[in-house]
Structures are given as C-alpha cells and as structure tokens.
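Enquirer: First, the structure itself, so that you have it in front of you.
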Amino acid sequence: MVSPDEQEVICQLNSNWIWVPNWIDNSPPSINTAGRIVNFTRSFDLHSVPSSAILHISADTRYKIYVNGKRIAAGPSRSNLMIWYYDTLDIAPYLGKGNNEIKIVVLRYFAGNRSAMPFERTSFPGLTVVGAIDSGAASVDLCSSKNWTARVDESVLFPTGLVDDVFLHISERITPASGSSPVEPKGYNMKTLNGDLLPWRLRPRPIPMPVESAVAVDVIRTCSSSISVADWNKCFSETQPLALASQSSHIIELKADVHSTAFTQWKFKASKQSQVRLKITYSEGYELEPRSYPFFRTKADRLDSTAGHILGPYDAVTLDIPEGEIITYEPFWFRTFRIIRLEVDVGTETVELISFSTTQVNYPLGVKATWTEPGDTHSEKIWDVSIRTMRNCMFDGYSDCPFYEQLQYSGDTRTVGLFHYLISSDDRLMRQSISTFASSITVEGLTQSRFPSHVPQIIAGFSLYWILQVCDHHLFFGDQVYSRSFLPRIDGVLDFFESHIDELGLVSGLPYDAWQYVDWVTTWGATEEHPDKGVPTSGRKSNRHTYFSMLYAYVLKQAALLVRQVNRPAHAAEYEARAETLLIAIRKHCYDGQFFTDSIADIADDLAYSQHCQVFAVLSGAAEKAGQARLLTEAFAKPHFSKCSYMMKFYAFRAFAIAGDDVYESAWEQMWDPYRKMLANNLTTWEEDDVRQRSDCHAWGSVPIYEYCTELAGVRPVAPGSTKVLFKPRLKLSEAVDAKVCLGRDNVVSVFWTTNGSGTKRVELRLERAVEVVSRLPGGDEVEHGIVDRVSLVYAGS
C-alpha cells in the first residue's frame, strides 16, 4: 500500500513527465537500431554545499544519472505496464559550491519492435524528476518540467539482428555525428482522472540500489601491438597513461580475475585533434569451435588461449578526440565478461589512453552465511563460486544468464530465491519477483514465464513454480497477509491445469503456444515438426507429458499446505483430492512396472525414459515409498535415461532426500562431479548447462548452497516464519563442518562439528534467536528440544 507521503511524490512525478518534441518512436528504414539515447541536462549554482539533496526519478526505458561527471545510479528497477518504479536518491555528496551539472542519460527502446526483451517499456518515452536543493538562502528546483535541456544523441546505435545479441540489444555502434541541437523538453501534462491510468503506474522502488566494487583486469597477451604487456598493465592496474602512436594499431586480450558484470569506462586524450577506433569484444572465456553459434558451444579450459578463441558480442566505437580534452566512453549498460579483446586503431595524431576502469554492479547480497569444511578440498571453492554466480545474476531482479538474456524466469527464480534466503535474511528481491509475476496473469489464468519482458512468453509449468515461490516465502518468513493476497491467482493457475485433465485423468492438450519445456536434454532437441527444444520426445505427438501431471500433483499438495497455514483451509481438501486422483491415473497409465514413462507407458520406446519423471514421481507421491530408492538409484545409473541438467539437480536432491538417507548420501559425491570439473576448467561461475554450454553463468547452478545448508549442515525450517527447525546434520558425509545459515528474518544459525580420534563427533547448533528445534542424528529418532537457542549433540557413529 502506498503511504500518503509516497502518493504525494507520485503525483508530483506524474505532473513532471517530459520528453523531446517531435519524437518518432521508431527506427527510420535506413537505420538499424533498437532505440535511441537522449541526454537531459540541468546546470545550477550553489552558494553552499547542502547536507542532503533528495531526487525522485524515473524514466522510460532506462536512465543513468551523472552529477558533476560522476555516475551515481542506473534505473529504474525493472518495471512493467502495471507497476512502474521510481528511485529516490540523495545527490548531496556529489554536489559542490559554485556551478553544478546533472546529466541524465535515458535509453529509450522503441515500443513498436520486439527487441531488448528484458527492458519493458510503455508506448510513451519519458523522464520525470522531482526534487529541490536548499543551499543557504536560495533553493534550486530540479523538477524536470523546469530549466532542463535535452539532446538526442544520434551517434549511438543499438543494432538488431546480430547473431550473438538476440535478447538484450545492448551492443553499441558509435560513429561521430554532428548531432541535434539542445531543445527544451515538452511536458506531457497528463493527469489521472475518473480512473484513467497514466502510461506509468508509479510505485517506490521496493529493493535497494545496486552496489559497486572494483574489478581487477590484466592483459593476458598482446596479439598485435608494439607496446609490451608490462606497459599495458601499468596503464590498467596503476592508471598510468599510455601513449598510442599515430596511425598505430593494437590488439590485446584482457582477463578479469573472475566472471564479472560491470560498467566499463575508457578515457582518452590527445594533445592535437585525433581519432580512435575501438572494437571491444566480450567473452565469458576461451572456447573451442562452436557446434552452432551462439546456442550450442564447445568449451573446455576457459583460460586456454592456445587451443581456444574468443567469441562474443562487441561494441564498435569511433571517437573524435579534440585537442586537450578528455573523452570518456562508457557503454550505456553494464557488460558481462571474463575475457575482453580490444582492437584499437589510432588516427593521425598520438592518443593517450588515460585509464580503463571496470566497476562490478549487482544487487547487495548482504551475505551472512559462511561455509568451512576442512576435510573437503573443493567445497569452499564451490560455495564461493555459487555465491558469485548468484551475485552476477542479480541486478534488479533474479536474471538468468547475464551474458545473453538478463530475463527473470519464474522457474529459475523459485530455486535461486531459496538459495538467497539461506545466505541472507533479505527477502525484498523475492517479494518484488513474486508480486511482479502475479501482475503478469494471462486470460487463461497462467502467469507469464518471464517477466517483465517486452515479448510475452508462456512456459507451461513455470506458473506452478511461481506458486512454489509463494509457498517457500511463507515457510521462511511467515507473512500471512502477503501470502493470502496471492490465493485467488494461485487458485486460477491450478484451475487452468485442472481444465486440461483428459479422459485418462492426466494433464494434456496444453495450448500450442505454451512452451512445454522441462529441461535441457541432449535428446530433447528441436525438429521440423516440433521446433520447441527441451520438451520430452515421447509425448510430443499426443501433447501429453507425464511431467506436467506430476508437477501439478506436487504443487497441489504444497498449495493445500499453504492455505491451511494461512487459515484459509476451504480449498485444501479439494486440492488434495485432485492430487490423489492424478496420482492414481499416473500409476495406471504412466508406469511400465519398473519405471515411470515420459508419456503413457503404452507408447513408450527407448527415448521415453528420463530421470526427471522418476524424480517427480517421488516428489509428487506417485512412486510408492517402498520403491523410491530402487527407482532413483537405477534411473541415475542407466545411461539411456534422459539426464537432469543443473536446473533439475535441486529437484533430484529433494527426491533423494525423500527416498532415504542412504540414497541421498550415496549420490553425494557423484552429484558434485560436474562442479569439480567446472573448477578444473577455470570457471568462476557455474555454466548454464552442460548440454548446450551457451553461457558460463546461471544461478540455478548454485544448488550447492541449498544442499550444504539444509542437508549437510542440516538446518531446515519446517513451520511458517522459520519458527520451527529440523536439525538433521548428515554427519557421515564430513569429518568437520563450521557453517552459518540464515533462517528467516534476522536469525542466523551456527553449526559446528569435529571428529575426535575415536570417531566420535561433537555437534553444536546455536541460534541468534531462539526457536523450536527438533533434532535427528543419523540412524536415530527425532528429539524435541522445545524453544531453545542452543543444542549440543554427540554422535558415536553407526
């Protein structure tokens, strides 16, 4: 709910929307660009330095704000047509006595095309600013409707149709242009009247602004340059200017210490007028010849510059360098990279490269959790890489691979949100995500699968994962009012799947334009008849996939639990009855006596078997308890079963845990083999999958965080708001552990154990805030400890 003070700000912002006059919101036929940049400038004098100077700001599509030449923010937070966010900034630290300048660079992506998918926009471009500065006796009004100038930057293009920039359209092509003259912006003068909504339904930003940190970058090698590697590195690491001779050309390759999402900035200067041409290629690492660029790649050691080469999107920039001036080039949006290839051509006069800086930018994770496991040489590295992968996939939402898409998918977000809860007590980003997906509901009752997105998309099962987001949030944080607010939409999603129950009692006949994606599997590729990838082959012709029946049954049970927990139990029995009816049909039609099949068992061939259906048979309850261990053990041992990729490892682990401690613990070492392989190949973030190897950073791979915290350390909430904890450490898997795990809001749990010479383990559980604790040691029974802040246990072994 918006407060009265916030509503006053919103009304002021609404009355200050501006844009350049005579704007055409499209690319002319002769120019290929997804959008244009407009620079808004405001200059003013201050008699003294203010202690605070609050600005409220929003833009359509995105903005960056500079105060006296320093970039201080980028925004707004990802918005959609029903929720458009504004930011609140204090610019006082960047102001000085005398003349000051605020420059707001707005990138407007055109509304009439399908490019730049992550950057949703309305049909109106715009900027709005509200604020004032009190400086002594005078006050400076900074509202955008007064005393601002605007200029369209015609030198920058964001081309579409590039093979390696399918989703983002952030790659830049810059050539010097005479440019348009500054103009006075035009106010829209729109008002809300009789319920008519403005293009932007403004709300205050619900998440903190991104944080920044320096990224260390070194030159790996000079491919073609008269300047030594040592001199290049002095420029980059010591900010020592480097003279680039007239008419010279240079090709160098740079390496960041780790995979990074960073704003990059180049500064040049010339004593006489000159020019510099840059081609800057960004890559996540060296790679071998791709199978089908850009979606199917072949990668090994990411730092092997001998066998591998650099592939990736690039910026092509020509800069005029006037005599004596410092010219700065900073791409509008941050870049994702581990390796950068720089190609430089210098004009008729020597040009100095003054500096190159890279500034990591990401959501403030606020990590409180820690992990130390002395007996395992890899686990601490795996922990660190998992957190870095999450960091690089979090800016103003939970993004999939930042190198390619930066889109927020509900299926991905469900697991990544859980990982986030365990390392930080912060739920603000997930609350934004849950609410955002709730606002994406389609006429059928489904949430969109990625949102906000300028190109709508539906992945059939992802609405069910959104329901799990709500269930998870309630378990960890217990906000009953918040959880209840989504119940009507949850019921609508479930009714959609119920309406697609066929004569066999199974989910089938899903809409043709809904992608029935399950996972990235080698044998589930596209065909001419069935062009969607990641869809089990067995059910394509019949449009009947066992996975959706199982997933629906699984979520029905979780939804039944949720409605009881929030004291709205009326639908619980109905949901459970639906689930049981589904499970009977699955056992009857999708089980061949040994395994569950990807579609009905009557049409099963060798390609009709997957680990996925055995996993969800256990999760949903389709598999009887007595047969779960055999089902999973054999399925994960059979080479012809379609394999779970990184996305599905989380669910595989959950099924192992349900099937029994022996199943879970016997799979432990093997399940981490791909992670150890990625470390050996010099990855510093987890790759998207090992089927396509498209991207080297995708946060659904950070599943080690969940397994280390909830299974190995054994801390798991079992009551809403984390008011009750099951402490079940897997002591057989490690000789010693020292860990901290976040538990709901403002509670951190410490877990510690060591093993003495006789094999006895002494185990400590400590909580910052007392909650109800139930413990269980290997092979033992559950023990109720009541509401406590400390539990000490001794385990003598089996």
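Chain lettering (A, B, ...) mirrors the order of the structure tokens, residue numbering begins at 1 for each chain separately, and ligand numbering begins at 1 in order of display.
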Hey, what's within 6 Å of segment 238-244 of chain A if we count only C-alpha atoms and toss same-chain stuff fewer than 6 positions away? As a list in words, please?
Expert: Thr350, Val351, Glu352, Leu353, Ile354 and Ser355 of chain A
Enquirer: What's around Lys541 of chain A at 12 Å? Count only C-alpha atoms, leave out sequence neighbours fewer than 5 positions away in its own chain, and write the answer as a PyMOL selection string.
Expert: chain A and resi 508-509+512+529-530+535-536+599-600+603
Enquirer: Residues as selected, N, CA, C and O atoms, written as a JSON list (two decimals), in the first residue's frame, can you do that?
Expert:
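File result.json, as written:
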```
[["chain", "number", "residue", "atom", "x", "y", "z"],
["A", 508, "SER", "N", -3.10, -32.90, -20.28],
["A", 508, "SER", "CA", -2.75, -32.99, -21.70],
["A", 508, "SER", "C", -3.40, -31.83, -22.44],
["A", 508, "SER", "O", -4.18, -31.06, -21.88],
["A", 509, "GLY", "N", -3.10, -31.73, -23.74],
["A", 509, "GLY", "CA", -3.74, -30.74, -24.58],
["A", 509, "GLY", "C", -3.43, -29.30, -24.21],
["A", 509, "GLY", "O", -4.26, -28.41, -24.40],
["A", 512, "TYR", "N", -0.96, -24.69, -27.84],
["A", 512, "TYR", "CA", 0.16, -24.86, -28.75],
["A", 512, "TYR", "C", 1.22, -23.79, -28.58],
["A", 512, "TYR", "O", 2.41, -24.01, -28.87],
["A", 529, "GLU", "N", 8.96, -30.77, -37.19],
["A", 529, "GLU", "CA", 7.56, -30.92, -36.77],
["A", 529, "GLU", "C", 7.33, -30.34, -35.38],
["A", 529, "GLU", "O", 6.26, -29.80, -35.09],
["A", 530, "HIS", "N", 8.35, -30.45, -34.51],
["A", 530, "HIS", "CA", 8.24, -29.97, -33.13],
["A", 530, "HIS", "C", 9.45, -29.07, -32.84],
["A", 530, "HIS", "O", 10.46, -29.53, -32.34],
["A", 535, "VAL", "N", 11.75, -30.33, -24.68],
["A", 535, "VAL", "CA", 10.45, -30.97, -24.49],
["A", 535, "VAL", "C", 10.62, -32.48, -24.67],
["A", 535, "VAL", "O", 11.18, -32.92, -25.69],
["A", 536, "PRO", "N", 10.19, -33.29, -23.73],
["A", 536, "PRO", "CA", 10.34, -34.74, -23.88],
["A", 536, "PRO", "C", 9.73, -35.23, -25.20],
["A", 536, "PRO", "O", 8.64, -34.80, -25.60],
["A", 599, "SER", "N", 5.53, -40.26, -21.25],
["A", 599, "SER", "CA", 4.12, -40.15, -21.63],
["A", 599, "SER", "C", 3.48, -41.47, -21.21],
["A", 599, "SER", "O", 4.01, -42.14, -20.32],
["A", 600, "ILE", "N", 2.37, -41.84, -21.80],
["A", 600, "ILE", "CA", 1.74, -43.08, -21.36],
["A", 600, "ILE", "C", 2.63, -44.27, -21.72],
["A", 600, "ILE", "O", 3.33, -44.28, -22.73],
["A", 603, "ILE", "N", 2.95, -46.32, -25.26],
["A", 603, "ILE", "CA", 3.69, -45.88, -26.45],
["A", 603, "ILE", "C", 5.18, -45.69, -26.16],
["A", 603, "ILE", "O", 5.91, -45.14, -26.98]]
```
Enquirer: Quick one: of A:Asp661, A:Thr710, A:Val718, A:Thr175, who's nearest to Leu561 of chain A, counting only C-alpha atoms?
Expert: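 Nearest candidate to Leu561 of chain A out of A:Asp661, A:Thr710, A:Val718, A:Thr175: A:Val718.
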Enquirer: Could the residues of segment 175-215 of chain A that have an atom at most 12 Å from segment 318-330 of chain A be listed as JSON lines, each with its closest atom pair and the distance in Å to one decimal, counting only C-alpha atoms and ordered by chain and ascending residue number?
Expert:
```
{"residue": "A:Thr175", "atom": "CA", "partner": "A:Thr318", "partner_atom": "CA", "distance": 5.1}
{"residue": "A:Pro176", "atom": "CA", "partner": "A:Leu319", "partner_atom": "CA", "distance": 6.4}
{"residue": "A:Ala177", "atom": "CA", "partner": "A:Asp320", "partner_atom": "CA", "distance": 9.8}
{"residue": "A:Ser178", "atom": "CA", "partner": "A:Asp320", "partner_atom": "CA", "distance": 11.3}
```
Enquirer: Go through A:Glu707, A:Asp231, A:Asp662, A:Asp696 and flag the residue nearest Tyr286 of chain A, using only C-alpha atoms for the distances.
Expert: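 Closest residue, counting only C-alpha atoms: A:Asp696.
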Enquirer: Let me make sure I understand: among A:Leu487, A:His698, A:Thr546, A:Ile57, which one has the smallest atom-to-atom distance to Pro569 of chain A if we use only C-alpha atoms?
Expert: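 Of A:Leu487, A:His698, A:Thr546, A:Ile57, the one nearest Pro569 of chain A is A:Leu487, counting only C-alpha atoms.
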Enquirer: Looking only at the backbone, which of the residues in segment 363-433 of chain A does DSSP tag as alpha helix (DSSP H), as a VMD selection string?
Expert: chain A and resid 379 to 392 410 to 423 428 to 433
Enquirer: When you draw a straight line from atom CA of Cys644 of chain A to atom CA of Ser410 of chain A, how long is it in Å?
Expert: 18.6 Å
Enquirer: Compile the contact shell of Ala559 of chain A as a list in words: residues with an atom at most 8 Å away, counting only C-alpha atoms, same-chain residues fewer than 3 positions apart removed.
Expert: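 Final neighbour list, sorted by chain and number: Ile467, Leu468, Cys471, Val555, Leu556, Leu562, Val563, Ala572 and Tyr575 of chain A.
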Enquirer: At a cut-off of 10 Å, using only C-alpha atoms, what residues contact Met394 of chain A? Leave out same-chain residues fewer than 6 positions from it and give the result as a PDB file with C-alpha atoms, in the first residue's frame.
Expert:
```pdb
ATOM      1  CA  PRO A 210      22.818  -1.879  -6.670  1.00  0.00           C
ATOM      2  CA  THR A 261      29.040  -7.922 -14.632  1.00  0.00           C
ATOM      3  CA  VAL A 361      27.479  -3.812 -10.220  1.00  0.00           C
ATOM      4  CA  ASN A 362      24.919  -6.097  -8.606  1.00  0.00           C
ATOM      5  CA  TYR A 363      22.153  -6.382  -6.053  1.00  0.00           C
ATOM      6  CA  PRO A 364      23.541  -6.025  -2.493  1.00  0.00           C
ATOM      7  CA  LEU A 365      23.525  -9.660  -1.449  1.00  0.00           C
ATOM      8  CA  ARG A 388      29.424 -15.296  -7.170  1.00  0.00           C
ATOM      9  CA  ASP A 400      19.055 -15.910 -15.993  1.00  0.00           C
ATOM     10  CA  CYS A 401      22.432 -15.744 -17.776  1.00  0.00           C
ATOM     11  CA  PRO A 402      23.567 -12.083 -17.683  1.00  0.00           C
ATOM     12  CA  GLN A 406      19.026 -10.883 -18.215  1.00  0.00           C
ATOM     13  CA  GLN A 408      13.639 -13.151 -14.972  1.00  0.00           C
ATOM     14  CA  VAL A 416      17.513 -19.102  -6.692  1.00  0.00           C
ATOM     15  CA  LEU A 429      14.079  -9.073  -4.163  1.00  0.00           C
ATOM     16  CA  ALA A 699      22.270 -19.043 -10.856  1.00  0.00           C
TER      17      ALA A 699
END
```
Enquirer: Where in segment 297-397 of chain A does DSSP assign strand (DSSP E or B), given as a VMD selection string?
Expert: chain A and resid 309 314 to 321 323 326 to 329 335 to 346 351 to 362 370 to 372 394
Enquirer: Report, in Å to a single decimal, how far apart atom CA of Cys393 of chain A and atom CA of Arg201 of chain A are.
Expert: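 Atom-to-atom, atom CA of Arg201 of chain A to atom CA of Cys393 of chain A, that is 26.7 Å.
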Enquirer: Which of these residues is nearest to Leu726 of chain A, using only C-alpha atoms: A:Glu784, A:Asp376, A:Glu120, A:Glu687?
Expert: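 Among the listed residues, A:Glu784 lies closest to Leu726 of chain A.
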Enquirer: Pick out the closest residue to Ile310 of chain A from this set: A:Val276, A:Asn14, A:Glu253, A:Arg790. Count only C-alpha atoms.
Expert: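 Of the candidates, the smallest distance to Ile310 of chain A is held by A:Glu253.
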Enquirer: My list of candidates is A:Phe395, A:Met647, A:Arg568, A:Glu287. Which is closest to Gly411 of chain A when distances are computed with only C-alpha atoms?
Expert: A:Met647
Enquirer: Skipping near chain neighbours, those fewer than 5 positions away, what residues fall within 8 Å of Arg221 of chain A using only C-alpha atoms, listed as a list in words?
Expert: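 The residues satisfying every condition are Val229, Ile252, Glu253 and Leu254 of chain A.
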Enquirer: Emit the selected residues as a PDB file, in the first residue's frame, including N, CA, C and O atoms.
Expert:
```pdb
ATOM      1  N   VAL A 229      53.309  -6.041 -22.820  1.00  0.00           N
ATOM      2  CA  VAL A 229      52.261  -6.412 -21.862  1.00  0.00           C
ATOM      3  C   VAL A 229      52.458  -5.654 -20.559  1.00  0.00           C
ATOM      4  O   VAL A 229      51.488  -5.186 -19.934  1.00  0.00           O
ATOM      5  N   ILE A 252      44.840  -6.507 -28.131  1.00  0.00           N
ATOM      6  CA  ILE A 252      45.234  -7.114 -26.868  1.00  0.00           C
ATOM      7  C   ILE A 252      44.050  -7.879 -26.289  1.00  0.00           C
ATOM      8  O   ILE A 252      42.896  -7.635 -26.648  1.00  0.00           O
ATOM      9  N   GLU A 253      44.358  -8.801 -25.395  1.00  0.00           N
ATOM     10  CA  GLU A 253      43.321  -9.567 -24.717  1.00  0.00           C
ATOM     11  C   GLU A 253      43.492  -9.404 -23.216  1.00  0.00           C
ATOM     12  O   GLU A 253      44.604  -9.535 -22.689  1.00  0.00           O
ATOM     13  N   LEU A 254      42.399  -9.087 -22.546  1.00  0.00           N
ATOM     14  CA  LEU A 254      42.403  -8.808 -21.122  1.00  0.00           C
ATOM     15  C   LEU A 254      41.587  -9.859 -20.387  1.00  0.00           C
ATOM     16  O   LEU A 254      40.615 -10.399 -20.922  1.00  0.00           O
TER      17      LEU A 254
END
```
Enquirer: Write out as a VMD selection string the residues lying within 6 Å of Asn16 of chain A, counting only C-alpha atoms and excluding same-chain residues fewer than 3 positions away.
Expert: chain A and resid 13 128 144 to 145
Enquirer: Identify, on the basis of only C-alpha atoms, every residue whose closest approach to Gly366 of chain A does not exceed 9 Å; exclude the query and any residue fewer than 3 positions from it along the same chain; express the result as a list in words.
Expert: Tyr363, Ile423, Ser424, Ser425 and Asp426 of chain A
Enquirer: Write to file, as a PDB file, in the first residue's frame, the residues of the selection just made, with all heavy atoms.
Expert:
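Output contents, as saved in result11.pdb:
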```
ATOM      1  N   TYR A 363      23.009  -6.527  -7.228  1.00  0.00           N
ATOM      2  CA  TYR A 363      22.153  -6.382  -6.053  1.00  0.00           C
ATOM      3  C   TYR A 363      22.994  -6.614  -4.793  1.00  0.00           C
ATOM      4  O   TYR A 363      23.849  -7.510  -4.768  1.00  0.00           O
ATOM      5  CB  TYR A 363      21.022  -7.403  -6.123  1.00  0.00           C
ATOM      6  CG  TYR A 363      20.022  -7.312  -4.992  1.00  0.00           C
ATOM      7  CD1 TYR A 363      18.938  -6.452  -5.073  1.00  0.00           C
ATOM      8  CD2 TYR A 363      20.169  -8.079  -3.839  1.00  0.00           C
ATOM      9  CE1 TYR A 363      18.008  -6.355  -4.033  1.00  0.00           C
ATOM     10  CE2 TYR A 363      19.248  -7.988  -2.799  1.00  0.00           C
ATOM     11  CZ  TYR A 363      18.173  -7.128  -2.904  1.00  0.00           C
ATOM     12  OH  TYR A 363      17.273  -7.027  -1.881  1.00  0.00           O
ATOM     13  N   ILE A 423      21.489 -17.537   2.480  1.00  0.00           N
ATOM     14  CA  ILE A 423      22.734 -16.797   2.672  1.00  0.00           C
ATOM     15  C   ILE A 423      22.491 -15.377   3.165  1.00  0.00           C
ATOM     16  O   ILE A 423      23.424 -14.695   3.577  1.00  0.00           O
ATOM     17  CB  ILE A 423      23.585 -16.761   1.381  1.00  0.00           C
ATOM     18  CG1 ILE A 423      22.855 -16.033   0.252  1.00  0.00           C
ATOM     19  CG2 ILE A 423      24.002 -18.166   0.968  1.00  0.00           C
ATOM     20  CD1 ILE A 423      23.714 -15.813  -0.988  1.00  0.00           C
ATOM     21  N   SER A 424      21.224 -14.933   3.132  1.00  0.00           N
ATOM     22  CA  SER A 424      20.897 -13.570   3.547  1.00  0.00           C
ATOM     23  C   SER A 424      19.488 -13.551   4.114  1.00  0.00           C
ATOM     24  O   SER A 424      18.628 -14.304   3.673  1.00  0.00           O
ATOM     25  CB  SER A 424      20.984 -12.612   2.355  1.00  0.00           C
ATOM     26  OG  SER A 424      20.450 -11.349   2.652  1.00  0.00           O
ATOM     27  N   SER A 425      19.257 -12.709   5.073  1.00  0.00           N
ATOM     28  CA  SER A 425      17.912 -12.593   5.651  1.00  0.00           C
ATOM     29  C   SER A 425      17.019 -11.651   4.850  1.00  0.00           C
ATOM     30  O   SER A 425      15.924 -11.304   5.293  1.00  0.00           O
ATOM     31  CB  SER A 425      18.023 -12.067   7.095  1.00  0.00           C
ATOM     32  OG  SER A 425      18.762 -12.964   7.890  1.00  0.00           O
ATOM     33  N   ASP A 426      17.467 -11.276   3.674  1.00  0.00           N
ATOM     34  CA  ASP A 426      16.787 -10.271   2.853  1.00  0.00           C
ATOM     35  C   ASP A 426      15.807 -10.962   1.900  1.00  0.00           C
ATOM     36  O   ASP A 426      16.205 -11.805   1.101  1.00  0.00           O
ATOM     37  CB  ASP A 426      17.850  -9.497   2.076  1.00  0.00           C
ATOM     38  CG  ASP A 426      17.275  -8.421   1.174  1.00  0.00           C
ATOM     39  OD1 ASP A 426      16.062  -8.158   1.261  1.00  0.00           O
ATOM     40  OD2 ASP A 426      18.042  -7.847   0.386  1.00  0.00           O
TER      41      ASP A 426
END
```
